[in-house]
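Have a look at model-v9.csv below; it lists CSV, C-alpha atoms.
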```
chain,number,residue,atom,x,y,z
A,1,MET,CA,42.4,-67.2,57.5
A,2,ILE,CA,39.4,-68.7,59.1
A,3,HIS,CA,39.0,-70.2,62.5
A,4,THR,CA,35.8,-71.6,64.0
A,5,GLY,CA,35.1,-72.5,67.6
A,6,ARG,CA,32.2,-72.8,70.1
A,7,VAL,CA,31.6,-71.6,73.6
A,8,LYS,CA,29.3,-73.5,76.0
A,9,LEU,CA,27.5,-71.5,78.6
A,10,ASP,CA,25.6,-72.3,81.8
A,11,THR,CA,23.4,-69.2,82.0
A,12,GLY,CA,20.6,-70.5,84.3
A,13,GLY,CA,18.0,-69.4,81.8
A,14,ARG,CA,14.7,-67.4,82.7
A,15,PHE,CA,16.2,-64.0,81.8
A,16,ALA,CA,19.9,-64.5,82.0
A,17,VAL,CA,22.3,-61.9,80.5
A,18,VAL,CA,25.8,-63.2,80.2
A,19,ASN,CA,28.8,-61.0,79.2
A,20,ILE,CA,30.9,-63.1,76.9
A,21,THR,CA,33.2,-60.2,75.8
A,22,ASP,CA,36.3,-61.7,77.5
A,23,GLN,CA,35.8,-65.1,75.8
A,24,VAL,CA,35.3,-63.4,72.4
A,25,ARG,CA,38.5,-61.3,72.9
A,26,GLU,CA,40.5,-64.4,73.9
A,27,PHE,CA,39.2,-66.3,70.8
A,28,VAL,CA,40.3,-63.4,68.6
A,29,SER,CA,43.7,-63.2,70.3
A,30,LYS,CA,44.4,-66.9,70.1
A,31,SER,CA,43.4,-67.0,66.4
A,32,GLY,CA,46.2,-64.6,65.5
A,33,ILE,CA,43.9,-62.6,63.2
A,34,ASN,CA,45.0,-59.0,62.6
A,35,GLU,CA,42.2,-57.6,60.3
A,36,GLY,CA,38.8,-59.1,59.5
A,37,VAL,CA,35.6,-59.9,61.4
A,38,ILE,CA,34.3,-62.2,64.1
A,39,ASN,CA,30.8,-63.6,63.7
A,40,ILE,CA,29.2,-64.5,67.0
A,41,PHE,CA,26.2,-66.8,66.4
A,42,TYR,CA,23.7,-68.0,69.1
A,43,GLN,CA,22.4,-71.5,68.4
A,44,HIS,CA,19.0,-71.2,70.1
A,45,THR,CA,15.6,-69.8,69.4
A,46,THR,CA,14.7,-68.5,72.9
A,47,GLY,CA,17.2,-65.6,73.1
A,48,GLY,CA,19.9,-63.9,71.2
A,49,VAL,CA,23.3,-62.2,71.3
A,50,ILE,CA,23.4,-58.4,71.3
A,51,ILE,CA,26.0,-55.6,71.7
A,52,GLY,CA,25.1,-53.4,74.6
A,53,GLU,CA,26.3,-51.8,77.8
A,54,HIS,CA,26.5,-54.3,80.7
A,55,GLU,CA,25.0,-52.3,83.5
A,56,ALA,CA,22.6,-53.8,86.0
A,57,GLY,CA,20.0,-51.0,85.6
A,58,ILE,CA,19.9,-51.4,81.8
A,59,ILE,CA,19.5,-55.2,82.1
A,60,ALA,CA,16.6,-54.7,84.5
A,61,ASP,CA,15.1,-52.1,82.2
A,62,LEU,CA,15.3,-54.5,79.3
A,63,GLN,CA,13.6,-57.2,81.3
A,64,ASP,CA,10.9,-54.8,82.5
A,65,MET,CA,10.3,-53.7,78.9
A,66,PHE,CA,9.9,-57.3,77.6
A,67,GLU,CA,7.7,-58.2,80.6
A,68,GLU,CA,5.4,-55.3,79.9
A,69,LEU,CA,5.2,-55.7,76.1
A,70,ILE,CA,5.6,-59.5,75.7
A,71,PRO,CA,4.7,-61.0,79.1
A,72,SER,CA,6.2,-64.3,80.2
A,73,LYS,CA,2.9,-65.3,81.8
A,74,LYS,CA,0.4,-65.3,79.0
A,75,GLU,CA,-1.4,-68.0,76.9
A,76,TYR,CA,0.7,-68.2,73.8
A,77,LYS,CA,-0.5,-70.3,70.8
A,78,HIS,CA,2.9,-72.1,71.0
A,79,HIS,CA,1.7,-73.6,74.3
A,80,VAL,CA,-1.3,-75.4,72.7
A,81,ARG,CA,0.9,-78.4,71.8
A,82,ASP,CA,1.6,-78.9,75.5
A,83,VAL,CA,5.3,-79.5,74.9
A,84,ASP,CA,6.8,-76.4,76.3
A,85,PHE,CA,5.7,-73.0,77.6
A,86,ASN,CA,8.3,-70.5,76.4
A,87,GLY,CA,6.2,-68.7,73.8
A,88,HIS,CA,7.3,-65.3,75.1
A,89,ALA,CA,11.0,-66.3,74.7
A,90,HIS,CA,10.5,-67.2,71.0
A,91,VAL,CA,8.6,-64.0,70.2
A,92,ARG,CA,11.1,-61.8,72.0
A,93,SER,CA,13.9,-63.6,70.3
A,94,ALA,CA,12.6,-62.5,66.9
A,95,LEU,CA,13.2,-58.9,68.0
A,96,LEU,CA,16.8,-59.5,69.1
A,97,THR,CA,19.7,-60.5,67.0
A,98,ILE,CA,20.8,-64.1,66.7
A,99,SER,CA,24.2,-63.2,65.3
A,100,VAL,CA,26.5,-60.2,65.5
A,101,THR,CA,29.5,-59.4,63.3
A,102,VAL,CA,32.2,-57.3,64.8
A,103,PRO,CA,35.1,-55.9,62.7
A,104,ILE,CA,38.6,-56.6,63.9
A,105,LEU,CA,41.5,-54.1,63.3
A,106,ASP,CA,45.1,-54.3,64.7
A,107,SER,CA,44.1,-57.6,66.3
A,108,LYS,CA,41.4,-55.9,68.4
A,109,LEU,CA,37.6,-55.9,68.3
A,110,THR,CA,36.4,-52.5,67.2
A,111,LEU,CA,33.9,-52.2,70.1
A,112,GLY,CA,33.0,-48.8,71.3
A,113,THR,CA,33.8,-47.7,74.9
A,114,TYR,CA,30.6,-49.1,76.5
A,115,GLN,CA,30.0,-52.0,74.1
A,116,GLU,CA,30.0,-55.5,75.4
A,117,VAL,CA,28.9,-58.8,73.8
A,118,LEU,CA,25.9,-60.0,75.7
A,119,VAL,CA,24.1,-63.3,75.4
A,120,ILE,CA,20.4,-63.2,76.5
A,121,ASP,CA,18.9,-66.5,77.4
A,122,MET,CA,15.2,-66.6,78.1
A,123,GLN,CA,14.7,-70.3,78.0
A,124,THR,CA,12.3,-71.2,80.9
A,125,GLU,CA,14.6,-73.8,82.4
A,126,ARG,CA,18.3,-74.2,82.8
A,127,ALA,CA,20.0,-75.8,79.8
A,128,PRO,CA,23.4,-75.7,78.2
A,129,ARG,CA,23.6,-72.8,75.7
A,130,TYR,CA,26.1,-72.7,72.8
A,131,VAL,CA,27.6,-69.8,70.9
A,132,VAL,CA,29.6,-70.3,67.7
A,133,LEU,CA,32.6,-68.0,67.1
A,134,GLN,CA,34.2,-67.6,63.8
A,135,VAL,CA,37.0,-65.2,62.6
A,136,GLN,CA,37.7,-64.6,59.0
A,137,GLY,CA,40.4,-62.3,57.8
A,138,VAL,CA,44.2,-61.9,57.6
B,1,MET,CA,41.1,-58.2,50.2
B,2,ILE,CA,40.2,-56.4,53.4
B,3,HIS,CA,39.9,-52.7,54.0
B,4,THR,CA,38.7,-51.1,57.2
B,5,GLY,CA,37.7,-47.4,57.8
B,6,ARG,CA,35.6,-45.3,60.1
B,7,VAL,CA,33.0,-42.6,59.5
B,8,LYS,CA,32.4,-39.8,62.1
B,9,LEU,CA,28.9,-38.3,62.3
B,10,ASP,CA,27.5,-35.3,64.0
B,11,THR,CA,23.9,-36.4,64.2
B,12,GLY,CA,22.6,-34.1,66.9
B,13,GLY,CA,21.2,-37.0,68.9
B,14,ARG,CA,17.7,-37.2,70.6
B,15,PHE,CA,16.2,-39.2,67.7
B,16,ALA,CA,18.4,-38.5,64.8
B,17,VAL,CA,18.2,-40.7,61.7
B,18,VAL,CA,21.1,-40.2,59.3
B,19,ASN,CA,21.3,-41.7,55.8
B,20,ILE,CA,24.9,-42.9,55.3
B,21,THR,CA,24.3,-44.8,52.1
B,22,ASP,CA,26.4,-42.4,50.0
B,23,GLN,CA,29.3,-42.7,52.4
B,24,VAL,CA,29.0,-46.5,52.4
B,25,ARG,CA,28.9,-46.5,48.5
B,26,GLU,CA,31.9,-44.3,48.3
B,27,PHE,CA,33.9,-46.5,50.7
B,28,VAL,CA,33.0,-49.6,48.6
B,29,SER,CA,33.9,-47.8,45.4
B,30,LYS,CA,37.3,-46.6,46.7
B,31,SER,CA,38.2,-50.0,48.1
B,32,GLY,CA,38.1,-51.5,44.6
B,33,ILE,CA,36.2,-54.6,45.8
B,34,ASN,CA,34.2,-56.5,43.2
B,35,GLU,CA,32.5,-59.3,45.2
B,36,GLY,CA,32.2,-59.7,48.9
B,37,VAL,CA,30.6,-58.0,51.8
B,38,ILE,CA,30.6,-54.7,53.7
B,39,ASN,CA,30.0,-54.8,57.4
B,40,ILE,CA,28.7,-51.6,58.9
B,41,PHE,CA,29.2,-51.4,62.6
B,42,TYR,CA,27.8,-48.8,65.0
B,43,GLN,CA,30.1,-48.1,68.0
B,44,HIS,CA,27.5,-46.9,70.5
B,45,THR,CA,24.9,-48.4,72.8
B,46,THR,CA,22.1,-45.9,72.4
B,47,GLY,CA,21.2,-46.5,68.8
B,48,GLY,CA,21.9,-48.7,65.9
B,49,VAL,CA,22.3,-49.0,62.2
B,50,ILE,CA,19.4,-50.4,60.1
B,51,ILE,CA,18.5,-50.9,56.5
B,52,GLY,CA,15.2,-49.2,55.7
B,53,GLU,CA,13.4,-46.7,53.5
B,54,HIS,CA,14.4,-43.1,54.2
B,55,GLU,CA,11.0,-41.4,54.1
B,56,ALA,CA,10.0,-38.7,56.5
B,57,GLY,CA,6.7,-40.4,57.4
B,58,ILE,CA,8.3,-43.7,58.2
B,59,ILE,CA,11.0,-42.0,60.4
B,60,ALA,CA,8.2,-40.2,62.3
B,61,ASP,CA,6.2,-43.5,62.6
B,62,LEU,CA,9.3,-45.2,64.0
B,63,GLN,CA,9.8,-42.5,66.6
B,64,ASP,CA,6.1,-42.6,67.5
B,65,MET,CA,6.2,-46.3,68.0
B,66,PHE,CA,9.3,-46.1,70.3
B,67,GLU,CA,7.8,-43.2,72.2
B,68,GLU,CA,4.6,-45.2,72.8
B,69,LEU,CA,6.2,-48.5,73.7
B,70,ILE,CA,9.5,-47.4,75.3
B,71,PRO,CA,8.9,-43.8,76.3
B,72,SER,CA,11.8,-41.4,76.6
B,73,LYS,CA,10.3,-39.8,79.8
B,74,LYS,CA,10.1,-42.6,82.3
B,75,GLU,CA,12.0,-43.6,85.4
B,76,TYR,CA,14.4,-46.3,84.2
B,77,LYS,CA,16.5,-48.3,86.6
B,78,HIS,CA,19.5,-47.2,84.6
B,79,HIS,CA,18.9,-43.7,86.0
B,80,VAL,CA,19.3,-44.7,89.6
B,81,ARG,CA,23.1,-44.2,89.4
B,82,ASP,CA,22.5,-40.5,88.6
B,83,VAL,CA,25.1,-40.6,85.8
B,84,ASP,CA,23.0,-40.3,82.7
B,85,PHE,CA,19.3,-40.5,81.8
B,86,ASN,CA,19.1,-42.4,78.5
B,87,GLY,CA,17.6,-45.6,79.7
B,88,HIS,CA,15.0,-45.6,76.9
B,89,ALA,CA,17.9,-45.4,74.3
B,90,HIS,CA,19.7,-48.4,75.7
B,91,VAL,CA,16.5,-50.5,75.8
B,92,ARG,CA,15.4,-49.5,72.3
B,93,SER,CA,18.9,-50.1,71.0
B,94,ALA,CA,18.6,-53.8,72.0
B,95,LEU,CA,15.7,-54.1,69.5
B,96,LEU,CA,17.6,-52.5,66.6
B,97,THR,CA,20.7,-53.9,64.9
B,98,ILE,CA,24.2,-52.7,65.8
B,99,SER,CA,25.8,-54.0,62.7
B,100,VAL,CA,24.5,-54.9,59.2
B,101,THR,CA,26.3,-56.9,56.6
B,102,VAL,CA,25.5,-56.1,52.9
B,103,PRO,CA,26.7,-58.3,50.1
B,104,ILE,CA,28.6,-56.6,47.2
B,105,LEU,CA,28.4,-57.9,43.6
B,106,ASP,CA,29.8,-56.3,40.5
B,107,SER,CA,31.4,-53.6,42.8
B,108,LYS,CA,27.9,-52.6,44.0
B,109,LEU,CA,25.9,-53.0,47.2
B,110,THR,CA,23.1,-55.4,46.6
B,111,LEU,CA,20.5,-53.0,48.2
B,112,GLY,CA,16.9,-53.3,47.1
B,113,THR,CA,15.2,-50.3,45.4
B,114,TYR,CA,14.0,-48.6,48.6
B,115,GLN,CA,16.8,-49.8,50.9
B,116,GLU,CA,19.1,-47.2,52.5
B,117,VAL,CA,21.7,-47.5,55.3
B,118,LEU,CA,20.3,-45.5,58.3
B,119,VAL,CA,22.1,-44.7,61.5
B,120,ILE,CA,19.7,-44.1,64.4
B,121,ASP,CA,21.2,-42.1,67.3
B,122,MET,CA,19.0,-41.7,70.4
B,123,GLN,CA,21.6,-40.4,72.7
B,124,THR,CA,20.1,-37.6,74.8
B,125,GLU,CA,22.7,-35.0,74.0
B,126,ARG,CA,24.8,-34.2,71.0
B,127,ALA,CA,28.1,-36.2,70.8
B,128,PRO,CA,30.3,-37.5,67.9
B,129,ARG,CA,29.1,-40.9,66.7
B,130,TYR,CA,31.3,-43.4,64.9
B,131,VAL,CA,30.5,-46.1,62.4
B,132,VAL,CA,33.2,-48.7,61.4
B,133,LEU,CA,33.1,-49.8,57.7
B,134,GLN,CA,34.9,-52.9,56.6
B,135,VAL,CA,34.9,-54.7,53.2
B,136,GLN,CA,36.1,-58.2,52.7
B,137,GLY,CA,36.2,-60.0,49.4
B,138,VAL,CA,37.9,-59.9,46.0
C,1,MET,CA,36.2,-68.5,47.8
C,2,ILE,CA,33.1,-66.3,47.2
C,3,HIS,CA,29.9,-67.2,45.5
C,4,THR,CA,26.8,-64.9,45.3
C,5,GLY,CA,23.3,-65.9,44.2
C,6,ARG,CA,19.7,-64.8,44.7
C,7,VAL,CA,16.4,-66.5,45.5
C,8,LYS,CA,13.1,-65.3,44.3
C,9,LEU,CA,10.1,-65.9,46.5
C,10,ASP,CA,6.3,-65.7,46.0
C,11,THR,CA,5.3,-65.3,49.6
C,12,GLY,CA,1.8,-63.8,49.1
C,13,GLY,CA,2.6,-61.0,51.5
C,14,ARG,CA,0.4,-59.6,54.4
C,15,PHE,CA,2.1,-61.7,57.1
C,16,ALA,CA,3.9,-64.5,55.3
C,17,VAL,CA,6.6,-66.5,57.0
C,18,VAL,CA,8.6,-68.6,54.5
C,19,ASN,CA,11.1,-71.2,55.6
C,20,ILE,CA,14.0,-70.9,53.2
C,21,THR,CA,16.4,-73.2,55.1
C,22,ASP,CA,16.4,-75.9,52.4
C,23,GLN,CA,17.3,-73.3,49.7
C,24,VAL,CA,20.1,-71.9,51.9
C,25,ARG,CA,21.4,-75.4,52.5
C,26,GLU,CA,21.4,-76.3,48.8
C,27,PHE,CA,23.2,-73.0,48.0
C,28,VAL,CA,25.9,-73.9,50.5
C,29,SER,CA,26.2,-77.4,49.3
C,30,LYS,CA,26.5,-76.4,45.6
C,31,SER,CA,29.1,-73.8,46.4
C,32,GLY,CA,31.5,-76.4,47.7
C,33,ILE,CA,32.4,-74.3,50.7
C,34,ASN,CA,33.8,-76.1,53.7
C,35,GLU,CA,34.4,-73.4,56.3
C,36,GLY,CA,33.2,-69.8,56.3
C,37,VAL,CA,29.9,-67.9,56.4
C,38,ILE,CA,26.8,-67.4,54.5
C,39,ASN,CA,25.1,-64.0,54.5
C,40,ILE,CA,21.4,-64.0,53.8
C,41,PHE,CA,20.2,-60.6,52.9
C,42,TYR,CA,16.6,-59.5,52.4
C,43,GLN,CA,16.2,-56.9,49.7
C,44,HIS,CA,13.0,-55.2,51.0
C,45,THR,CA,11.9,-52.7,53.6
C,46,THR,CA,8.7,-54.3,54.8
C,47,GLY,CA,9.9,-57.5,56.4
C,48,GLY,CA,13.1,-59.2,57.2
C,49,VAL,CA,15.0,-62.5,57.6
C,50,ILE,CA,15.3,-64.1,61.0
C,51,ILE,CA,16.5,-67.3,62.5
C,52,GLY,CA,13.8,-69.0,64.6
C,53,GLU,CA,11.7,-72.1,65.2
C,54,HIS,CA,9.3,-72.8,62.4
C,55,GLU,CA,6.3,-73.8,64.4
C,56,ALA,CA,2.7,-72.7,63.6
C,57,GLY,CA,2.0,-71.5,67.1
C,58,ILE,CA,5.1,-69.3,67.3
C,59,ILE,CA,4.4,-67.7,63.9
C,60,ALA,CA,0.8,-66.9,65.1
C,61,ASP,CA,2.2,-65.5,68.4
C,62,LEU,CA,4.6,-63.3,66.5
C,63,GLN,CA,1.8,-62.0,64.3
C,64,ASP,CA,-0.4,-61.4,67.4
C,65,MET,CA,2.5,-59.5,69.1
C,66,PHE,CA,3.0,-57.3,66.1
C,67,GLU,CA,-0.7,-56.7,65.7
C,68,GLU,CA,-1.0,-55.7,69.3
C,69,LEU,CA,2.1,-53.4,69.5
C,70,ILE,CA,2.3,-52.1,66.0
C,71,PRO,CA,-1.2,-52.6,64.5
C,72,SER,CA,-1.7,-53.0,60.7
C,73,LYS,CA,-4.8,-50.8,60.8
C,74,LYS,CA,-3.7,-47.4,62.1
C,75,GLU,CA,-3.1,-44.0,60.5
C,76,TYR,CA,0.7,-44.0,60.0
C,77,LYS,CA,2.4,-40.8,58.9
C,78,HIS,CA,3.8,-42.8,56.0
C,79,HIS,CA,0.3,-42.9,54.6
C,80,VAL,CA,-0.1,-39.1,54.2
C,81,ARG,CA,1.6,-39.2,50.8
C,82,ASP,CA,-1.3,-41.4,49.6
C,83,VAL,CA,1.2,-43.7,47.8
C,84,ASP,CA,1.0,-46.9,49.9
C,85,PHE,CA,-0.4,-47.9,53.2
C,86,ASN,CA,2.2,-50.2,54.7
C,87,GLY,CA,3.5,-48.1,57.6
C,88,HIS,CA,3.1,-50.9,60.1
C,89,ALA,CA,5.4,-53.1,57.9
C,90,HIS,CA,8.2,-50.5,57.7
C,91,VAL,CA,8.1,-49.9,61.5
C,92,ARG,CA,8.0,-53.6,62.3
C,93,SER,CA,10.9,-54.2,59.8
C,94,ALA,CA,13.1,-51.9,61.8
C,95,LEU,CA,12.8,-54.3,64.8
C,96,LEU,CA,13.6,-57.4,62.8
C,97,THR,CA,16.9,-58.2,61.0
C,98,ILE,CA,17.5,-57.5,57.3
C,99,SER,CA,20.5,-59.8,57.1
C,100,VAL,CA,21.7,-62.8,59.0
C,101,THR,CA,25.2,-64.3,58.9
C,102,VAL,CA,25.5,-68.0,59.7
C,103,PRO,CA,28.9,-69.7,60.1
C,104,ILE,CA,29.6,-72.8,58.1
C,105,LEU,CA,31.8,-75.7,59.3
C,106,ASP,CA,32.4,-79.0,57.7
C,107,SER,CA,30.3,-77.9,54.7
C,108,LYS,CA,27.3,-77.4,57.0
C,109,LEU,CA,25.4,-74.5,58.5
C,110,THR,CA,26.0,-74.3,62.2
C,111,LEU,CA,22.3,-74.0,63.0
C,112,GLY,CA,21.0,-75.2,66.3
C,113,THR,CA,18.5,-78.0,66.6
C,114,TYR,CA,15.4,-75.8,66.2
C,115,GLN,CA,16.8,-73.0,64.1
C,116,GLU,CA,15.4,-72.3,60.7
C,117,VAL,CA,16.0,-69.4,58.3
C,118,LEU,CA,12.7,-67.6,58.0
C,119,VAL,CA,11.7,-64.8,55.7
C,120,ILE,CA,8.9,-62.5,57.0
C,121,ASP,CA,7.1,-60.6,54.4
C,122,MET,CA,4.6,-58.0,55.6
C,123,GLN,CA,4.1,-56.1,52.4
C,124,THR,CA,0.3,-55.4,52.0
C,125,GLU,CA,0.0,-57.0,48.6
C,126,ARG,CA,1.6,-59.9,46.8
C,127,ALA,CA,4.9,-59.0,45.1
C,128,PRO,CA,8.0,-60.9,44.2
C,129,ARG,CA,10.5,-60.9,47.1
C,130,TYR,CA,14.3,-61.4,46.7
C,131,VAL,CA,16.9,-62.8,49.1
C,132,VAL,CA,20.6,-62.5,48.3
C,133,LEU,CA,22.8,-65.4,49.4
C,134,GLN,CA,26.6,-65.1,49.6
C,135,VAL,CA,29.1,-67.6,50.9
C,136,GLN,CA,32.7,-66.6,51.7
C,137,GLY,CA,35.3,-68.9,53.0
C,138,VAL,CA,37.4,-71.9,51.9
```

Let me see whether you can do it: turn the structure in this file into structure tokens.
Amino acid sequence: MIHTGRVKLDTGGRFAVVNITDQVREFVSKSGINEGVINIFYQHTTGGVIIGEHEAGIIADLQDMFEELIPSKKEYKHHVRDVDFNGHAHVRSALLTISVTVPILDSKLTLGTYQEVLVIDMQTERAPRYVVLQVQGV
Amino acid sequence: MIHTGRVKLDTGGRFAVVNITDQVREFVSKSGINEGVINIFYQHTTGGVIIGEHEAGIIADLQDMFEELIPSKKEYKHHVRDVDFNGHAHVRSALLTISVTVPILDSKLTLGTYQEVLVIDMQTERAPRYVVLQVQGV
Amino acid sequence: MIHTGRVKLDTGGRFAVVNITDQVREFVSKSGINEGVINIFYQHTTGGVIIGEHEAGIIADLQDMFEELIPSKKEYKHHVRDVDFNGHAHVRSALLTISVTVPILDSKLTLGTYQEVLVIDMQTERAPRYVVLQVQGV
């Protein structure tokens, strides 16, 4: 059994971290899948989707780390075209994951106690963001 | 055909790198799968599972890199709650992968010559660690 | 339906970024799959496969970032064996992804507007590189 859907997010951008675990759980539940996987795929190049703990301190630490190692204010070669100025977001995105695959057992995501599905959007301005969800199994 | 299982590890924590390739191979072999994928999913937020070469020098280089860029001794905002002091592990985890999907062909993992499945556990104290394994295919 | 194949690349190594989106699309098209996933798996430990924008400035920014944070010229512990001198590539590889899973719907990859499938090969010398492609679905 395969079922594909898509979630639209209004994250606000800049360094937005959105917890989509509930939406993912609802999708799995509605699909009626018992055992298999869900693939969660982020459709943009200036962020990613990760599995992590959704705690304010950790999110701030993550942003601090990126700001220190891959600063948002810097002259990136991507900016030379004079089209957009989000070079930091593209480079950081390469270090995150664009898709995560989570096994499903007994109709539930096999997430650990502190694991949440988090979308990180580092686009410099607000824009609609899309995540594809697809379950495959029985 | 779908088969789901779980491996329990006693890594010791801190910066433990455990090669679970043999356990993954055994799981694939016992499942009887011929063609498909295995998804290897780490159930914690202070580490990850990667595919890499299991060579002592590389592991030490990886630890050195993390220690230099995302030090274990630092005042992370995650620590303000006074609950735990593993901020570095959460931040580093966001740069690793939580799950890896490896194709299976002719009943074998399609790993390259030097590729091994490695669990990285950076939890500050020893605790049981779990990895979900799931094959799907024919 | 499952179909597995492999692509051979001559990237040139060092810091080669190869856009394999057309090859992935062709594989999906030939497989006849309508809905499901494709798993794109890189069989080496000195690079990875990511989803990103294929723009010259971004590629240069990515290389600059790696050169600054994980320099190619440095005495890595991996070099002590006197076998090879690609420690930087192994460490960087741990921060990239070795496999990406992209959902397929209506016989098409669900890639966002700017998303391309990019192989990054940081091996120090030229060598054949292999990517496994596998579709699974209906």

Practice prompt. For atom CA of C:Thr11 and atom CA of C:Asp121, determine how far apart the two atoms are, in Å to one decimal place.
Written response: 7.0 Å

Taking all atoms listed in the file into account, produce a table as a tab-separated table in which each residue of chain A with an atom at most 6 Å from an atom of chain C appears once, together with its shortest atom pair and the distance in Å to one decimal, ordered by chain and rising number.
```
residue	atom	partner	partner_atom	distance
A:Gln43	CA	C:Gly112	CA	4.5
A:His44	CA	C:Gly112	CA	5.9
A:Thr45	CA	C:Gly52	CA	5.2
A:Lys77	CA	C:Gly57	CA	4.6
A:His78	CA	C:Gly57	CA	4.0
A:Val91	CA	C:Leu62	CA	5.5
A:Leu95	CA	C:Leu96	CA	5.4
```

For the residues in that selection, give me C-alpha atoms as a PDB file, in the frame of the given file.
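selection08.pdb was written with the following content:
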```pdb
ATOM      1  CA  GLN A  43      22.400 -71.500  68.400  1.00  0.00           C
ATOM      2  CA  HIS A  44      19.000 -71.200  70.100  1.00  0.00           C
ATOM      3  CA  THR A  45      15.600 -69.800  69.400  1.00  0.00           C
ATOM      4  CA  LYS A  77      -0.500 -70.300  70.800  1.00  0.00           C
ATOM      5  CA  HIS A  78       2.900 -72.100  71.000  1.00  0.00           C
ATOM      6  CA  VAL A  91       8.600 -64.000  70.200  1.00  0.00           C
ATOM      7  CA  LEU A  95      13.200 -58.900  68.000  1.00  0.00           C
TER       8      LEU A  95
END
```

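We find atom CA of C:Val131 and atom CA of C:Ile98 to be spaced 9.8 Å apart.
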
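Straight-line separation from atom CA of B:Met1 to atom CA of A:Tyr42: 27.5 Å.
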